[in-house]
file target_31.cif (mmCIF, C-alpha atoms and all ligand atoms)
data_final
#
loop_
_atom_site.label_atom_id
_atom_site.label_comp_id
_atom_site.auth_asym_id
_atom_site.auth_seq_id
_atom_site.Cartn_x
_atom_site.Cartn_y
_atom_site.Cartn_z
CA MET A 7 17.89 -35.49 6.08
CA LYS A 8 19.48 -32.31 4.80
CA ILE A 9 18.16 -30.94 1.50
CA GLU A 10 20.95 -30.13 -0.95
CA PRO A 11 20.62 -27.12 -3.28
CA LEU A 12 19.66 -27.79 -6.90
CA PRO A 13 22.76 -27.64 -9.13
CA ILE A 14 21.96 -24.44 -11.07
CA PRO A 15 21.56 -21.47 -8.68
CA THR A 16 18.74 -18.93 -9.11
CA ARG A 17 19.01 -15.47 -7.62
CA LEU A 18 16.11 -14.54 -5.34
CA LEU A 19 14.49 -11.24 -6.34
CA GLY A 20 13.58 -8.61 -3.73
CA GLY A 21 10.24 -9.47 -2.11
CA GLU A 22 9.75 -12.56 -4.29
CA VAL A 23 7.29 -15.09 -2.85
CA VAL A 24 8.05 -18.80 -2.57
CA ASP A 25 5.71 -19.92 -5.38
CA SER A 26 7.34 -17.58 -7.83
CA TYR A 27 10.86 -18.58 -6.83
CA ALA A 28 10.06 -22.30 -6.76
CA GLY A 29 8.75 -22.17 -10.32
CA ARG A 30 11.74 -20.26 -11.65
CA HIS A 31 14.35 -22.24 -9.74
CA ALA A 32 12.92 -25.62 -10.75
CA ARG A 33 12.63 -24.53 -14.40
CA ARG A 34 16.24 -23.39 -14.53
CA ASN A 35 17.15 -26.87 -13.38
CA GLY A 36 15.01 -28.54 -16.05
CA LEU A 37 12.27 -29.50 -13.58
CA ARG A 38 8.86 -28.46 -12.41
CA ALA A 39 8.27 -27.27 -8.85
CA ASP A 40 5.63 -29.94 -8.24
CA GLN A 41 8.05 -32.67 -9.39
CA VAL A 42 10.68 -31.40 -6.96
CA GLU A 43 8.18 -31.31 -4.12
CA ALA A 44 6.88 -34.82 -4.97
CA ALA A 45 10.44 -36.14 -4.88
CA LEU A 46 11.03 -34.49 -1.51
CA ARG A 47 7.81 -35.96 -0.17
CA ASP A 48 9.06 -39.46 -0.96
CA VAL A 49 12.22 -39.11 1.09
CA LEU A 50 11.32 -36.54 3.72
CA LYS A 51 8.42 -35.77 5.97
CA PHE A 52 7.53 -33.03 3.53
CA PRO A 53 4.06 -31.60 4.16
CA GLN A 54 1.26 -33.41 2.35
CA SER A 55 -1.01 -30.45 2.78
CA LYS A 56 -1.55 -28.15 -0.16
CA SER A 57 -0.76 -25.11 1.97
CA LYS A 58 1.62 -22.97 -0.01
CA ARG A 59 2.81 -21.22 3.12
CA HIS A 60 3.66 -24.29 5.18
CA PRO A 61 6.92 -23.52 7.03
CA ASP A 62 8.50 -26.82 5.91
CA ARG A 63 7.79 -26.03 2.27
CA ILE A 64 9.34 -22.57 2.64
CA ALA A 65 12.36 -24.06 4.45
CA ALA A 66 12.75 -26.67 1.69
CA TRP A 67 12.91 -24.05 -1.07
CA ARG A 68 15.35 -21.99 0.97
CA ALA A 69 17.58 -25.06 1.08
CA LEU A 70 17.01 -25.93 -2.59
CA GLY A 71 18.06 -22.42 -3.55
CA ASP A 72 20.79 -22.11 -0.91
CA LEU A 73 19.07 -18.91 0.25
CA HIS A 74 19.48 -16.87 3.43
CA GLU A 75 17.04 -17.22 6.33
CA ARG A 76 15.22 -14.01 5.53
CA ALA A 77 14.08 -15.36 2.16
CA PHE A 78 10.27 -15.49 1.84
CA THR A 79 9.69 -13.58 5.06
CA GLU A 80 8.06 -10.43 3.63
CA PRO A 81 5.00 -9.75 5.79
CA GLU A 82 1.49 -10.50 4.55
CA ILE A 83 0.01 -7.73 6.68
CA VAL A 84 1.57 -4.38 7.55
CA ALA A 85 -0.07 -2.27 10.27
CA GLY A 86 -3.41 -3.94 9.62
CA ASP A 87 -3.41 -3.67 5.81
CA TRP A 88 -2.85 -6.57 3.40
CA VAL A 89 0.36 -6.58 1.41
CA VAL A 90 -0.72 -7.73 -2.04
CA THR A 91 1.35 -10.19 -4.04
CA ARG A 92 1.96 -8.55 -7.40
CA PRO A 93 4.04 -9.03 -10.55
CA LEU A 94 7.58 -7.72 -10.16
CA CYS A 95 9.02 -5.25 -12.65
CA SER A 96 9.49 -7.26 -15.83
CA LYS A 97 12.91 -5.63 -16.39
CA CYS A 98 14.06 -6.72 -12.93
CA VAL A 99 13.19 -10.34 -13.71
CA PRO A 100 15.66 -12.29 -15.91
CA HIS A 101 14.16 -12.98 -19.33
CA PRO A 102 11.99 -15.00 -20.05
CA ASP A 103 10.87 -15.57 -16.45
CA GLN A 104 7.95 -13.92 -14.71
CA ALA A 105 7.99 -13.34 -10.97
CA SER A 106 5.75 -12.01 -8.24
CA GLY A 107 6.32 -10.73 -4.76
CA ARG A 108 5.30 -8.63 -1.80
CA LEU A 109 6.89 -5.18 -1.78
CA PRO A 110 5.66 -3.20 1.22
CA TRP A 111 8.50 -0.67 0.99
CA MET A 112 7.48 0.87 -2.34
CA GLY A 113 4.61 2.07 -4.51
CA TRP A 114 3.94 1.18 -8.14
CA VAL A 115 7.18 2.30 -9.77
CA CYS A 116 10.52 0.55 -10.30
CA LEU A 117 12.88 3.52 -10.12
CA LYS A 118 15.79 1.52 -11.51
CA HIS A 119 13.96 0.81 -14.76
CA ARG A 120 11.58 3.79 -14.67
CA ARG A 121 8.75 1.36 -15.04
CA TRP A 122 5.12 1.37 -13.93
CA MET A 123 4.49 -1.99 -12.27
CA GLY A 124 0.71 -1.91 -12.44
CA ASP A 125 -1.20 -3.69 -15.17
CA PRO A 126 -0.05 -3.19 -17.85
CA GLN A 127 3.57 -2.35 -17.09
CA VAL A 128 4.74 0.70 -19.05
CA ASP A 129 7.86 2.78 -19.48
CA LEU A 130 7.86 6.08 -17.54
CA ALA A 131 10.93 7.72 -19.09
CA ARG A 132 8.72 10.55 -20.44
CA PHE A 133 6.58 10.83 -17.31
CA GLY A 134 9.06 12.08 -14.74
CA GLU A 135 6.30 13.24 -12.37
CA ALA A 136 5.54 9.60 -11.61
CA LEU A 137 9.17 8.98 -10.66
CA VAL A 138 9.14 11.99 -8.34
CA ALA A 139 5.90 10.68 -6.81
CA GLU A 140 7.50 7.30 -6.21
CA ARG A 141 10.37 8.95 -4.34
CA HIS A 142 7.83 10.76 -2.19
CA TRP A 143 6.15 7.43 -1.54
CA ARG A 144 9.36 5.87 -0.30
CA HIS A 145 10.33 8.88 1.83
CA THR A 146 6.92 9.53 3.39
CA LEU A 147 4.36 6.79 2.81
CA ALA A 148 6.60 3.75 3.28
CA PRO A 149 7.84 4.90 6.72
CA ARG A 150 4.17 5.35 7.68
CA ASP A 151 3.55 1.70 6.67
CA VAL A 152 1.21 2.72 3.86
CA VAL A 153 0.95 -0.09 1.29
CA VAL A 154 -0.49 -0.29 -2.22
CA ALA A 155 -4.18 -1.22 -2.45
CA SER A 156 -4.78 -0.23 1.20
CA PRO A 157 -8.05 1.63 1.94
CA VAL A 158 -6.43 5.06 2.15
CA LEU A 159 -4.59 4.49 -1.12
CA ARG A 160 -7.80 3.45 -2.87
CA LEU A 161 -9.52 6.54 -1.55
CA ALA A 162 -6.66 8.77 -2.67
CA GLU A 163 -6.71 7.27 -6.18
CA GLU A 164 -10.49 7.56 -6.48
CA ALA A 165 -10.31 11.19 -5.41
CA ALA A 166 -7.51 11.89 -7.89
CA LEU A 167 -9.43 10.23 -10.73
CA VAL A 168 -12.62 12.22 -10.15
CA GLY A 169 -10.88 15.49 -9.35
CA ILE A 170 -8.09 15.86 -11.90
CA SER A 171 -8.21 18.25 -14.83
CA LYS A 172 -9.04 16.65 -18.20
CA SER A 173 -6.32 18.54 -20.04
CA ALA A 174 -3.71 17.36 -17.53
CA THR A 175 -4.57 13.70 -18.09
CA GLU A 176 -4.75 14.16 -21.88
CA GLU A 177 -1.31 15.74 -21.96
CA ARG A 178 0.14 12.95 -19.80
CA ALA A 179 -1.55 10.23 -21.84
CA GLU A 180 0.59 11.24 -24.81
CA ARG A 181 3.74 10.53 -22.82
CA VAL A 182 2.84 7.00 -21.73
CA SER A 183 2.50 4.11 -24.19
CA VAL A 184 -0.52 2.55 -22.48
CA PRO A 185 -2.15 5.27 -20.37
CA SER A 186 -4.13 3.39 -17.69
CA PRO A 187 -6.04 5.67 -15.28
CA GLY A 188 -3.92 4.68 -12.27
CA VAL A 189 -0.63 5.68 -13.85
CA LEU A 190 -1.94 9.03 -15.12
CA VAL A 191 -3.04 10.21 -11.66
CA TYR A 192 -0.18 8.62 -9.70
CA PRO A 193 1.39 11.96 -8.68
CA GLU A 194 -1.93 13.22 -7.27
CA THR A 195 -2.71 9.85 -5.66
CA VAL A 196 0.57 9.86 -3.76
CA ALA A 197 0.24 13.52 -2.80
CA LEU A 198 -3.29 12.97 -1.47
CA ALA A 199 -2.27 9.85 0.42
CA ARG A 200 0.53 11.84 2.07
CA VAL A 201 -1.99 14.43 3.26
CA LEU A 202 -4.57 11.87 4.40
CA THR A 203 -1.99 10.07 6.55
CA ARG A 204 -0.26 13.19 7.89
CA PRO A 205 -0.60 13.38 11.68
CA SER A 206 -1.14 17.16 11.84
CA PHE A 207 -3.87 16.94 9.17
CA LEU A 208 -5.76 14.14 10.93
CA ASP A 209 -5.38 15.80 14.34
CA LEU A 210 -7.36 18.84 13.23
CA ALA A 211 -9.52 17.54 10.35
CA CYS A 212 -10.99 14.73 12.47
CA ASP A 213 -11.34 16.77 15.67
CA PRO A 214 -14.98 16.54 16.78
CA ASP A 215 -14.49 19.62 18.94
CA ALA A 216 -13.05 21.87 16.21
CA PRO A 217 -15.44 24.12 14.28
CA GLY A 218 -16.71 22.44 11.10
CA ALA A 219 -15.85 25.47 8.98
CA GLN A 220 -12.25 25.36 10.11
CA ARG A 221 -11.96 21.64 9.37
CA ARG A 222 -13.67 22.04 6.01
CA ALA A 223 -11.32 24.90 5.09
CA LEU A 224 -8.33 22.71 5.91
CA VAL A 225 -9.60 19.85 3.73
CA GLU A 226 -10.34 22.21 0.81
CA ARG A 227 -6.98 23.93 1.07
CA GLU A 228 -5.05 20.63 1.06
CA VAL A 229 -7.05 19.02 -1.76
CA TYR A 230 -7.11 22.09 -4.03
CA ARG A 231 -3.35 22.47 -3.58
CA ILE A 232 -3.00 19.04 -5.22
CA LEU A 233 -6.00 19.13 -7.54
CA PRO A 234 -6.49 22.76 -8.62
CA ASP A 235 -10.07 23.97 -8.89
CA VAL A 236 -9.86 24.74 -12.61
CA GLU A 237 -12.42 24.92 -15.42
CA ASP A 238 -11.98 21.40 -16.80
CA ALA A 239 -11.79 19.64 -13.42
CA GLU A 240 -14.30 18.61 -10.78
CA ALA A 241 -11.91 18.99 -7.90
CA TRP A 242 -14.86 19.52 -5.53
CA ARG A 243 -15.60 15.82 -5.99
CA ALA A 244 -12.16 15.00 -4.57
CA VAL A 245 -12.85 17.36 -1.66
CA ALA A 246 -16.10 15.49 -1.07
CA ARG A 247 -14.27 12.14 -0.82
CA ALA A 248 -11.73 13.49 1.66
CA TRP A 249 -14.45 15.29 3.63
CA THR A 250 -16.47 12.06 3.90
CA MET A 251 -13.45 10.32 5.34
CA VAL A 252 -12.70 12.93 8.00
CA THR A 253 -16.35 13.32 9.04
CA ASP A 254 -16.73 9.52 9.31
CA LEU A 255 -13.66 9.52 11.51
CA SER A 256 -14.72 12.43 13.71
CA ASP A 257 -18.09 10.68 14.28
CA LEU A 258 -16.16 7.56 15.21
CA ILE A 259 -13.98 9.48 17.65
CA ARG A 260 -16.99 11.14 19.26
CA ASP A 261 -18.86 7.84 19.63
CA ALA A 262 -15.81 6.09 21.06
CA ARG A 263 -15.39 8.80 23.66
CA LEU A 264 -18.91 8.33 24.92
CA VAL A 265 -18.12 4.75 25.86
CA GLY A 266 -14.57 5.49 26.97
CA MET A 267 -12.98 3.39 24.22
CA ALA A 268 -10.34 4.01 21.60
CA PRO A 269 -11.93 4.60 18.17
CA ASP A 270 -11.86 1.46 16.02
CA ASP A 271 -10.90 2.73 12.58
CA GLY A 272 -11.15 -0.52 10.62
CA LYS A 273 -12.51 1.22 7.51
CA TYR A 274 -9.71 3.66 6.67
CA ASN A 275 -6.97 2.56 9.08
CA VAL A 276 -5.47 6.05 9.34
CA LEU A 277 -6.29 7.16 12.88
CA ARG A 278 -3.16 5.30 14.01
CA TYR A 279 -1.20 8.29 12.65
CA SER A 280 -3.11 10.78 14.76
CA ARG A 281 -3.37 11.80 18.37
CA TRP A 282 -6.83 10.19 18.37
CA LEU A 283 -5.30 6.78 18.73
CA ALA A 284 -2.08 7.85 20.40
CA GLN A 285 -4.05 8.81 23.52
CA PRO A 286 -4.84 5.99 25.93
CA PRO A 287 -8.54 5.07 26.10
CA GLN A 288 -8.80 6.31 29.72
CA GLY A 289 -7.65 9.73 28.59
CA LEU A 290 -10.40 9.87 25.98
CA GLY A 291 -12.89 8.70 28.57
CA ARG A 292 -11.92 11.41 31.03
CA ARG A 293 -12.10 13.98 28.31
CA ALA A 294 -15.56 12.73 27.33
CA GLU A 295 -16.68 13.12 30.93
CA ALA A 296 -15.34 16.63 31.04
CA ASN A 297 -17.25 17.41 27.85
CA ARG A 298 -20.43 15.96 29.22
CA ASP A 299 -20.03 17.98 32.43
CA GLY A 300 -19.41 21.08 30.39
CA ALA A 301 -22.49 20.43 28.30
CA ALA A 302 -24.60 19.89 31.38
CA GLY A 303 -23.34 23.15 32.88
ZN ZN B 1 12.90 -2.93 -12.56
#

call {"tool": "encode", "arguments": {"input": "target_31.cif", "output": "structure tokens", "more": "lines below"}}
Ligand SMILES: [Zn+2]
result
Amino acid sequence: MKIEPLPIPTRLLGGEVVDSYAGRHARRNGLRADQVEAALRDVLKFPQSKSKRHPDRIAAWRALGDLHERAFTEPEIVAGDWVVTRPLCSKCVPHPDQASGRLPWMGWVCLKHRRWMGDPQVDLARFGEALVAERHWRHTLAPRDVVVASPVLRLAEEAALVGISKSATEERAERVSVPSPGVLVYPETVALARVLTRPSFLDLACDPDAPGAQRRALVEREVYRILPDVEDAEAWRAVARAWTMVTDLSDLIRDARLVGMAPDDGKYNVLRYSRWLAQPPQGLGRRAEANRDGAAG
């Protein structure tokens, strides 16, 4: 039996997940989503399971909303990282609804409404640096499949929080109504994430054969460019975080070579940007052999 759309249409918001849409669409039609689903169950072979992601349930809400086939197809995982379901920009959602979705193509800022979408949502009209950072995210990080709350993003934010100058955050805090730590360091977080996922950076910084001093100098130069080494900052702590990452990874690359395997970077998930994963495992194995021969000679 074909499912007819509910009489009052509800526009699907970008990235919105089925639970969010079902609640809003049912409410606009004077119903509750569970009532609609119970009614469907009586007349159709609608899934009895509680699984929210059952394909039949998703197909039913597409039909109930008269939505296109791509509705509710945002991925749950992008390049190995989870895409979190998060509240959408409250200005994008028709009042008085609330909505949530998966938005792998953007960071934490709605550029249309100049709004921070973290918790709590705040207006960014007086914090233009965050808007610039969001544009950088979409131009650089999104094409690299970097998503919010991924390991490299967490590392970048931690490094920004420990390494930023106190006066910089104090000055910014006056321009944001509710200055949560994440929003205040967003420009540095995005800038660091861009460095930590840049192929040319990873190629050298993680190279087990390159001199440590050269790799260290590269990490310091890149981090201090973003987090200046000034009096009221502990930028060295940010350097330490980045240095830990690249040394972990170079150890991983060296160990993988010894057994002729590709390095398994489950912790940071950034080697996929570098030549260290672009090379086939055999190539690494041959190179490891050559190194061993060299060492023996
Ligand atoms: Zn918005």

call {"tool": "residues_around", "arguments": {"input": "target_31.cif", "residues": "Ala174 of chain A", "least_positions_apart": "5", "cutoff": "10 Å", "atoms": "all atoms listed in the file", "output": "JSON list (two decimals) with C-alpha atoms, keeping the file's coordinate frame"}}
result
[["chain", "number", "residue", "atom", "x", "y", "z"],
["A", 179, "ALA", "CA", -1.55, 10.23, -21.84],
["A", 190, "LEU", "CA", -1.94, 9.03, -15.12],
["A", 191, "VAL", "CA", -3.04, 10.21, -11.66],
["A", 238, "ASP", "CA", -11.98, 21.40, -16.80],
["A", 239, "ALA", "CA", -11.79, 19.64, -13.42]]

call {"tool": "residues_around", "arguments": {"input": "target_31.cif", "residues": "Asp213 of chain A", "least_positions_apart": "4", "cutoff": "10 Å", "atoms": "only C-alpha atoms", "output": "list in words"}}
result
Phe207, Leu208, Asp209, Pro217, Gly218, Arg221, Val252, Thr253, Leu255, Ser256, Asp257, Ile259, Arg260, Arg281 and Trp282 of chain A

call {"tool": "residues_around", "arguments": {"input": "target_31.cif", "residues": "Arg34 of chain A", "least_positions_apart": "2", "cutoff": "9 Å", "atoms": "all atoms listed in the file", "output": "MDAnalysis selection string"}}
result
chainID A and resid 14:16 29:32 36:37

call {"tool": "closest_residue", "arguments": {"input": "target_31.cif", "among": "A:Ala65, A:Ala216, A:Ala241, A:Val189", "to": "Met123 of chain A", "atoms": "only C-alpha atoms"}}
result
A:Val189

call {"tool": "residues_near_ligand", "arguments": {"input": "target_31.cif", "ligand": "ligand ZN 1 (chain B)", "cutoff": "6 Å", "atoms": "all atoms listed in the file", "output": "list of chain:residue names"}}
result
A:Cys95, A:Lys97, A:Cys98, A:Cys116, A:Lys118, A:His119

call {"tool": "atom_distance", "arguments": {"input": "target_31.cif", "atom1": "atom CA of Val225 of chain A", "atom2": "atom CA of Ala85 of chain A"}}
result
25.0 Å

call {"tool": "residues_around", "arguments": {"input": "target_31.cif", "residues": "Arg222 of chain A", "least_positions_apart": "6", "cutoff": "10 Å", "atoms": "only C-alpha atoms", "output": "short mmCIF file (atom, residue, chain, number, x, y, z; two decimals) with C-alpha atoms, keeping the file's coordinate frame"}}
result
data_model
loop_
_atom_site.label_atom_id
_atom_site.label_comp_id
_atom_site.auth_asym_id
_atom_site.auth_seq_id
_atom_site.Cartn_x
_atom_site.Cartn_y
_atom_site.Cartn_z
CA ALA A 211 -9.52 17.54 10.35
CA VAL A 245 -12.85 17.36 -1.66
CA ALA A 246 -16.10 15.49 -1.07
CA ALA A 248 -11.73 13.49 1.66
CA TRP A 249 -14.45 15.29 3.63
CA VAL A 252 -12.70 12.93 8.00
CA THR A 253 -16.35 13.32 9.04
#

call {"tool": "closest_residue", "arguments": {"input": "target_31.cif", "among": "A:Arg38, A:Arg200, A:Arg59, A:Lys273", "to": "Ile232 of chain A", "atoms": "all atoms listed in the file"}}
result
A:Arg200

call {"tool": "atom_distance", "arguments": {"input": "target_31.cif", "atom1": "atom CA of Ala131 of chain A", "atom2": "atom CA of Ser156 of chain A"}}
result
26.9 Å

call {"tool": "atom_distance", "arguments": {"input": "target_31.cif", "atom1": "atom CA of His145 of chain A", "atom2": "atom CA of Arg120 of chain A"}}
result
17.3 Å

call {"tool": "decode", "arguments": {"input": "target_31.cif", "residues": "segment 130-165 of chain A", "atoms": "C-alpha atoms", "output": "CSV table (one decimal), in the first residue's frame"}}
result
chain,number,residue,atom,x,y,z
A,130,LEU,CA,29.0,35.8,16.2
A,131,ALA,CA,28.3,39.2,14.5
A,132,ARG,CA,31.1,40.8,16.6
A,133,PHE,CA,33.5,37.9,16.3
A,134,GLY,CA,34.3,37.9,12.6
A,135,GLU,CA,37.4,35.8,13.0
A,136,ALA,CA,35.1,32.8,13.7
A,137,LEU,CA,33.3,33.4,10.4
A,138,VAL,CA,36.6,33.5,8.5
A,139,ALA,CA,37.6,30.3,10.3
A,140,GLU,CA,34.4,28.7,9.2
A,141,ARG,CA,35.1,29.6,5.6
A,142,HIS,CA,38.6,28.1,5.9
A,143,TRP,CA,36.9,24.9,7.3
A,144,ARG,CA,34.7,24.6,4.3
A,145,HIS,CA,37.4,25.3,1.8
A,146,THR,CA,40.1,23.1,3.3
A,147,LEU,CA,38.9,20.8,6.0
A,148,ALA,CA,35.6,19.7,4.5
A,149,PRO,CA,37.2,18.6,1.2
A,150,ARG,CA,39.7,16.6,3.3
A,151,ASP,CA,36.7,14.9,5.0
A,152,VAL,CA,37.5,16.3,8.4
A,153,VAL,CA,34.4,16.3,10.6
A,154,VAL,CA,33.6,18.0,14.0
A,155,ALA,CA,34.5,16.0,17.1
A,156,SER,CA,36.9,13.8,15.1
A,157,PRO,CA,40.2,12.9,16.9
A,158,VAL,CA,42.3,15.5,15.0
A,159,LEU,CA,39.7,18.2,15.7
A,160,ARG,CA,39.7,17.4,19.4
A,161,LEU,CA,43.5,17.5,19.4
A,162,ALA,CA,43.5,20.8,17.6
A,163,GLU,CA,41.0,22.3,20.0
A,164,GLU,CA,42.9,21.0,23.1
A,165,ALA,CA,46.1,22.5,21.7
